[in-house]
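Colleague: Below you will find the structure I want to go over with you.
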Amino acid sequence: MPTNYLVSLSILLGIFISVLLVIVIDYFSKKSFFGTPISIEKVSFCFEEGEKQLNKNLRIGFWTLLMAIGSTVVLYFSNGEAILFFATTLFWMLPIPLFILQRPFKRKKIYALYKKNQLPIENRDF
């Protein structure tokens, strides 16, 4: 199989598997939501920790995307080795769920509204 087709197949397979993974995870997370209420005192702590977690996960997603691009370049210039094919597929599977399942735009908007005191909860510091 020519290297161009192998690289394309690896990228498409990784994206397809990651989209399928996102659909399955999203389905089960919506099905098993428990929604436990928290006190107003813990809300500011939860928002701060959630924003830190989001930023950390977005950095991890960015680095895995760079690894996917690097692995694709290595696969393109190699002889089409099977281990590189599977590594490239894996590296293309990782960043997509990391970005999509975090819902970064929605969370960034909520954090911005919270900092401006425009959410229906108070912005208290401990």
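Every chain in the structure tokens takes a letter, A first, then B, and so on in the order presented; its residues are numbered from 1, and the ligands are numbered from 1 following the presented order.
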Need the shell around Phe91 in chain A: protein/DNA/RNA residues with any atom at most 12 Å away, counting only C-alpha atoms. Skip same-chain ones fewer than 3 positions apart. Format as a PyMOL selection string?
Modeller: chain A and resi 10-15+17-18+61-72+75+84-88+94-98
Colleague: Between CA of Glu49 in chain A and CA of Val22 in chain A, measure the distance and give it in Å to one decimal.
Modeller: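 Result for CA of Glu49 in chain A versus CA of Val22 in chain A: 23.7 Å, one decimal.
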Colleague: CA of Val74 in chain A and CA of Val19 in chain A are how many Å apart?
Modeller: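 CA of Val74 in chain A sits 23.9 Å away from CA of Val19 in chain A.
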Colleague: Determine the nearest neighbour of Leu6 in chain A from the options A:Phe77, A:Phe45, A:Phe105, A:Phe28, counting only C-alpha atoms.
Modeller: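 Among the listed residues, the smallest separation from Leu6 in chain A belongs to A:Phe77.
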Colleague: Just give me the gap between CA of Lys52 in chain A and CA of Ser39 in chain A in Å, one decimal is fine.
Modeller: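 Computed distance, CA of Lys52 in chain A to CA of Ser39 in chain A, equals 20.3 Å.
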Colleague: For Leu101 in chain A, which of A:Ser44, A:Ser29, A:Asn117, A:Ser78 is the closest residue, counting only C-alpha atoms?
Modeller: A:Ser29
Colleague: Run DSSP on the backbone of this structure and report the residues of chain A it assigns to helix (DSSP H, G or I), as a PyMOL selection string.
Modeller: chain A and resi 3-31+40-77+82-93+95-102+104-115
Colleague: Counting only C-alpha atoms, which of A:Leu9, A:Gln102, A:Trp92, A:Asp26 gets nearest to Lys56 in chain A?
Modeller: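 Looking at the shortest contact to Lys56 in chain A, the residue is A:Gln102.
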Colleague: Could you list, as a PyMOL selection string, every residue within 9 Å of Glu51 in chain A, counting only C-alpha atoms and ignoring same-chain residues fewer than 6 positions away?
Modeller: chain A and resi 107-108+111
Colleague: Filtering to N, CA and C atoms, could you give me those residues as a PDB file, in the first residue's frame?
Modeller:
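New file selection.pdb:
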```
ATOM      1  N   ARG A 107     -17.444  25.968  28.799  1.00  0.00           N
ATOM      2  CA  ARG A 107     -16.883  26.139  30.128  1.00  0.00           C
ATOM      3  C   ARG A 107     -16.173  27.483  30.274  1.00  0.00           C
ATOM      4  N   LYS A 108     -15.453  27.910  29.249  1.00  0.00           N
ATOM      5  CA  LYS A 108     -14.780  29.217  29.306  1.00  0.00           C
ATOM      6  C   LYS A 108     -15.808  30.346  29.466  1.00  0.00           C
ATOM      7  N   TYR A 111     -17.085  30.297  33.079  1.00  0.00           N
ATOM      8  CA  TYR A 111     -16.088  30.836  33.997  1.00  0.00           C
ATOM      9  C   TYR A 111     -15.984  32.351  33.859  1.00  0.00           C
TER      10      TYR A 111
END
```
Colleague: Using only C-alpha atoms, pick whichever of A:Ile23, A:Phe16, A:Glu48, A:Asn79 has the shortest atom-to-atom distance to Thr3 in chain A.
Modeller: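 Looking at the shortest contact to Thr3 in chain A, the residue is A:Asn79.
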